[in-house]
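Printed here is my_file-v3.cif (mmCIF, C-alpha atoms):
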data_coords
loop_
_atom_site.label_atom_id
_atom_site.label_comp_id
_atom_site.auth_asym_id
_atom_site.auth_seq_id
_atom_site.Cartn_x
_atom_site.Cartn_y
_atom_site.Cartn_z
CA MET B 111 6.92 -13.79 -9.43
CA LEU B 112 6.39 -10.37 -7.90
CA ARG B 113 7.65 -9.83 -4.36
CA ALA B 114 5.73 -7.75 -1.83
CA GLY B 115 5.94 -6.40 1.67
CA ILE B 116 3.14 -5.39 4.03
CA ILE B 117 3.50 -2.72 6.70
CA THR B 118 0.73 -2.55 9.29
CA VAL B 119 0.61 0.86 10.93
CA SER B 120 -1.05 0.62 14.34
CA ASP B 121 -0.08 1.91 17.76
CA ARG B 122 -1.96 -0.92 19.49
CA GLY B 123 -0.77 -3.53 17.01
CA SER B 124 2.86 -2.53 17.50
CA GLN B 125 2.40 -2.91 21.27
CA GLY B 126 0.83 -6.36 20.91
CA ILE B 127 -2.50 -5.10 22.27
CA ARG B 128 -4.40 -5.64 19.00
CA GLU B 129 -4.04 -8.53 16.59
CA ASP B 130 -3.10 -7.57 13.05
CA LEU B 131 -5.98 -8.71 10.85
CA SER B 132 -5.36 -6.44 7.86
CA GLY B 133 -1.84 -7.59 7.06
CA PRO B 134 -2.80 -11.28 6.82
CA ALA B 135 -5.96 -10.40 4.85
CA LEU B 136 -3.85 -8.52 2.30
CA ALA B 137 -1.36 -11.39 2.15
CA GLN B 138 -4.21 -13.74 1.21
CA VAL B 139 -5.31 -11.43 -1.62
CA LEU B 140 -1.74 -11.21 -2.94
CA ALA B 141 -1.24 -14.98 -2.73
CA LYS B 142 -4.29 -15.50 -4.97
CA GLU B 143 -2.57 -13.22 -7.50
CA ASN B 144 0.67 -15.23 -7.29
CA ILE B 145 2.46 -12.36 -5.53
CA GLU B 146 4.85 -13.52 -2.82
CA VAL B 147 4.80 -11.70 0.51
CA CYS B 148 8.46 -11.65 1.56
CA CYS B 149 8.43 -9.11 4.36
CA THR B 150 5.96 -7.88 6.96
CA SER B 151 6.25 -5.34 9.73
CA ILE B 152 3.99 -3.80 12.36
CA VAL B 153 4.93 -0.28 13.38
CA ALA B 154 3.47 2.47 15.55
CA ASP B 155 1.79 5.51 14.04
CA GLU B 156 5.12 7.34 14.02
CA LYS B 157 6.29 9.02 10.85
CA GLN B 158 9.95 8.07 11.18
CA GLU B 159 9.18 4.40 11.94
CA ILE B 160 6.94 4.18 8.88
CA LYS B 161 9.54 5.87 6.68
CA ASN B 162 12.31 3.58 7.93
CA VAL B 163 10.42 0.42 7.00
CA ILE B 164 9.30 1.75 3.60
CA ILE B 165 12.90 2.70 2.79
CA LYS B 166 14.21 -0.67 4.01
CA PHE B 167 11.63 -2.61 1.96
CA ALA B 168 12.32 -0.51 -1.16
CA ASP B 169 16.08 0.08 -1.01
CA GLN B 170 17.42 -3.00 0.78
CA GLU B 171 14.82 -5.71 0.16
CA ARG B 172 14.10 -4.32 -3.34
CA LEU B 173 10.47 -5.38 -3.18
CA ASP B 174 8.22 -4.83 -6.18
CA ILE B 175 5.18 -3.83 -4.15
CA ILE B 176 4.94 -2.32 -0.67
CA LEU B 177 1.51 -2.12 0.93
CA THR B 178 0.81 -0.10 4.04
CA THR B 179 -2.40 -0.63 5.98
CA GLY B 180 -3.63 1.90 8.52
CA GLY B 181 -3.08 5.54 9.34
CA THR B 182 -4.61 7.04 6.19
CA GLY B 183 -7.36 9.11 7.80
CA VAL B 184 -7.51 12.51 9.46
CA SER B 185 -6.99 11.76 13.14
CA PRO B 186 -3.92 13.35 14.73
CA ARG B 187 -2.04 10.00 14.76
CA ASP B 188 -2.79 9.22 11.09
CA VAL B 189 0.58 9.98 9.47
CA THR B 190 1.06 7.14 6.98
CA PRO B 191 0.49 9.28 3.85
CA ASP B 192 2.79 12.00 5.21
CA ALA B 193 5.56 9.47 5.88
CA THR B 194 5.03 7.82 2.50
CA LEU B 195 5.19 11.11 0.60
CA GLU B 196 8.59 11.82 2.18
CA THR B 197 9.92 8.56 0.71
CA LEU B 198 8.47 8.79 -2.82
CA GLU B 199 10.29 9.78 -5.99
CA LYS B 200 7.04 9.91 -8.03
CA LYS B 201 3.37 9.93 -7.13
CA ILE B 202 0.71 7.90 -8.96
CA PRO B 203 -2.45 9.83 -8.08
CA GLY B 204 -4.72 7.83 -10.40
CA MET B 205 -4.47 4.69 -8.28
CA ALA B 206 -5.32 6.55 -5.06
CA GLU B 207 -8.17 8.34 -6.84
CA ALA B 208 -9.54 5.02 -8.15
CA MET B 209 -9.52 3.54 -4.65
CA ARG B 210 -11.30 6.57 -3.17
CA ARG B 211 -13.86 6.67 -6.00
CA HIS B 212 -14.75 3.00 -5.51
CA SER B 213 -14.83 3.31 -1.73
CA MET B 214 -17.20 6.28 -1.97
CA GLU B 215 -19.78 3.87 -3.40
CA ILE B 216 -19.53 1.87 -0.16
CA THR B 217 -19.11 4.58 2.49
CA PRO B 218 -19.09 8.39 2.50
CA HIS B 219 -16.17 8.19 4.95
CA ALA B 220 -13.91 7.30 2.02
CA MET B 221 -13.75 10.98 1.11
CA ILE B 222 -11.54 11.64 4.13
CA SER B 223 -8.93 9.09 3.09
CA ARG B 224 -5.54 10.67 2.46
CA ALA B 225 -4.01 7.49 1.00
CA VAL B 226 -1.25 7.96 -1.58
CA VAL B 227 0.41 5.71 -4.13
CA GLY B 228 3.83 6.21 -5.63
CA ILE B 229 7.26 4.95 -6.59
CA ARG B 230 10.58 4.69 -4.82
CA GLY B 231 13.31 3.11 -6.89
CA ASN B 232 11.66 0.08 -8.48
CA SER B 233 9.04 -0.30 -5.75
CA LEU B 234 5.35 0.56 -6.02
CA ILE B 235 4.13 1.84 -2.64
CA ILE B 236 0.42 1.79 -1.86
CA ASN B 237 -1.39 3.14 1.23
CA LEU B 238 -4.51 1.17 2.19
CA PRO B 239 -7.08 1.62 4.96
CA GLY B 240 -6.55 -0.07 8.32
CA SER B 241 -9.65 -2.24 8.38
CA PRO B 242 -9.32 -5.66 6.75
CA LYS B 243 -12.51 -5.08 4.73
CA GLY B 244 -11.46 -1.63 3.52
CA ALA B 245 -7.90 -2.72 2.78
CA LYS B 246 -9.05 -5.68 0.66
CA GLU B 247 -11.69 -3.62 -1.16
CA ASN B 248 -9.18 -0.91 -2.03
CA LEU B 249 -6.52 -3.36 -3.14
CA SER B 250 -9.05 -5.22 -5.32
CA ILE B 251 -9.71 -2.03 -7.30
CA ILE B 252 -6.09 -1.58 -8.36
CA LEU B 253 -5.12 -5.27 -8.67
CA PRO B 254 -5.76 -5.34 -12.44
CA ALA B 255 -3.11 -2.64 -12.94
CA LEU B 256 -0.48 -3.81 -10.41
CA LYS B 257 1.61 -6.13 -12.57
CA HIS B 258 1.57 -3.71 -15.50
CA ALA B 259 2.59 -0.82 -13.23
CA VAL B 260 5.51 -2.80 -11.80
CA GLU B 261 6.66 -3.78 -15.30
CA LYS B 262 6.65 -0.12 -16.35
CA ILE B 263 8.43 0.98 -13.17
CA LYS B 264 11.17 -1.56 -13.96
CA GLY B 265 11.61 -0.10 -17.44
CA ASP B 266 9.39 -2.17 -19.73
CA THR B 267 9.10 -0.22 -22.96
CA SER B 268 6.37 -2.27 -24.68
CA GLU B 269 3.14 -0.60 -25.71
CA CYS B 270 0.57 0.10 -23.02
CA ALA B 271 -2.48 -1.03 -24.99
CA THR B 272 -5.05 -2.88 -22.90
CA PRO B 273 -6.18 -6.33 -24.00
CA ALA B 274 -9.43 -6.45 -26.00
#

Can you present the structure in this file as structure tokens?
Amino acid sequence: MLRAGIITVSDRGSQGIREDLSGPALAQVLAKENIEVCCTSIVADEKQEIKNVIIKFADQERLDIILTTGGTGVSPRDVTPDATLETLEKKIPGMAEAMRRHSMEITPHAMISRAVVGIRGNSLIINLPGSPKGAKENLSIILPALKHAVEKIKGDTSECATPA
């Protein structure tokens, strides 16, 4: 079973002013895919706080998948992609592009998403929007490739042919 962590990035959420709806919504999606959510965290829109939790989840908890939700836009406090990039060893631009492409069919605002996807150690790190609806929609686009990506990150050398 794959193990995952969810990091909700929200100033108001971290202060207890706003209920985290995106984190639990993502956990439900992962549960349906038989992916265990082992760790969750709510942090402020602060680059160092975000980096610290990503690094902890990847290096200490050794999670297979780390999802962030929130802070992917262009407002001054949106620093999740910047923090994530500082933790990555490799980027996987195709996954972020696929999420943006699909989201553009729903809303033109998707074009201002700065979400990134990449690898740290054996962990796949994925930035998702902050709204529950947007986070679930974006995750649903890349779900078919998640398990395969994690297998490859962990060193699977089998062929990458897709099933017929």

Review point. Which residues come within 8 Å of Ala220 of chain B, counting only C-alpha atoms, excluding same-chain residues fewer than 6 positions away, as a PyMOL selection string?
Key: chain B and resi 210+213-214

File dump, residues just selected, C-alpha atoms, as a compact mmCIF listing (two decimals), in the coordinates of the input:
# COMPACT_ATOMS: atom_id res chain seq x y z
CA ARG B 210 -11.30 6.57 -3.17
CA SER B 213 -14.83 3.31 -1.73
CA MET B 214 -17.20 6.28 -1.97

Check your understanding: On this structure, which residues satisfy the PyMOL selection byres ((chain B and resi 155-159) around 10), written as a list in words?
Key ->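 Against this file, the PyMOL selection byres ((chain B and resi 155-159) around 10) returns the residues Thr118, Val119, Ser120, Asp121, Arg122, Gly123, Ser124, Ile152, Val153, Ala154, Ile160, Lys161, Asn162, Val163, Ile164, Gly180, Gly181, Pro186, Arg187, Asp188, Val189, Thr190, Pro191, Asp192, Ala193, Thr194 and Glu196 of chain B.
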
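The coordinates place atom CA of Ala255 of chain B at 20.6 Å from atom CA of Cys148 of chain B.
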
Check your understanding: When you draw a straight line from atom CA of Thr179 of chain B to atom CA of Ile202 of chain B, how long is it in Å?
Key -> 17.5 Å

Given the file shown, determine the residues that the PyMOL selection byres ((chain B and resi 139) around 12) selects; report them as a CSV table (one decimal) with C-alpha atoms, in the frame of the given file.
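Saved the output as part_14.csv:
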chain,number,residue,atom,x,y,z
B,114,ALA,CA,5.7,-7.8,-1.8
B,116,ILE,CA,3.1,-5.4,4.0
B,132,SER,CA,-5.4,-6.4,7.9
B,133,GLY,CA,-1.8,-7.6,7.1
B,134,PRO,CA,-2.8,-11.3,6.8
B,135,ALA,CA,-6.0,-10.4,4.8
B,136,LEU,CA,-3.8,-8.5,2.3
B,137,ALA,CA,-1.4,-11.4,2.2
B,138,GLN,CA,-4.2,-13.7,1.2
B,140,LEU,CA,-1.7,-11.2,-2.9
B,141,ALA,CA,-1.2,-15.0,-2.7
B,142,LYS,CA,-4.3,-15.5,-5.0
B,143,GLU,CA,-2.6,-13.2,-7.5
B,144,ASN,CA,0.7,-15.2,-7.3
B,145,ILE,CA,2.5,-12.4,-5.5
B,146,GLU,CA,4.8,-13.5,-2.8
B,147,VAL,CA,4.8,-11.7,0.5
B,177,LEU,CA,1.5,-2.1,0.9
B,242,PRO,CA,-9.3,-5.7,6.8
B,243,LYS,CA,-12.5,-5.1,4.7
B,245,ALA,CA,-7.9,-2.7,2.8
B,246,LYS,CA,-9.0,-5.7,0.7
B,247,GLU,CA,-11.7,-3.6,-1.2
B,248,ASN,CA,-9.2,-0.9,-2.0
B,249,LEU,CA,-6.5,-3.4,-3.1
B,250,SER,CA,-9.0,-5.2,-5.3
B,251,ILE,CA,-9.7,-2.0,-7.3
B,252,ILE,CA,-6.1,-1.6,-8.4
B,253,LEU,CA,-5.1,-5.3,-8.7

Exercise for review: Check what the PyMOL selection byres ((chain B and resi 259-273) around 9) selects in the file above and give those residues as number ranges by chain.
Suggested key: B: 112, 174-175, 229, 231-234, 255-258, 274

How big is the axis-aligned box, and where does its centre sit, when it encloses all atoms of segment 246-255 of chain B listed in the file and has 3 Å added on every side, reported in Å to one decimal as JSON?
{"center_x": -7.4, "center_y": -3.3, "center_z": -6.1, "size_x": 14.6, "size_y": 10.8, "size_z": 19.6}
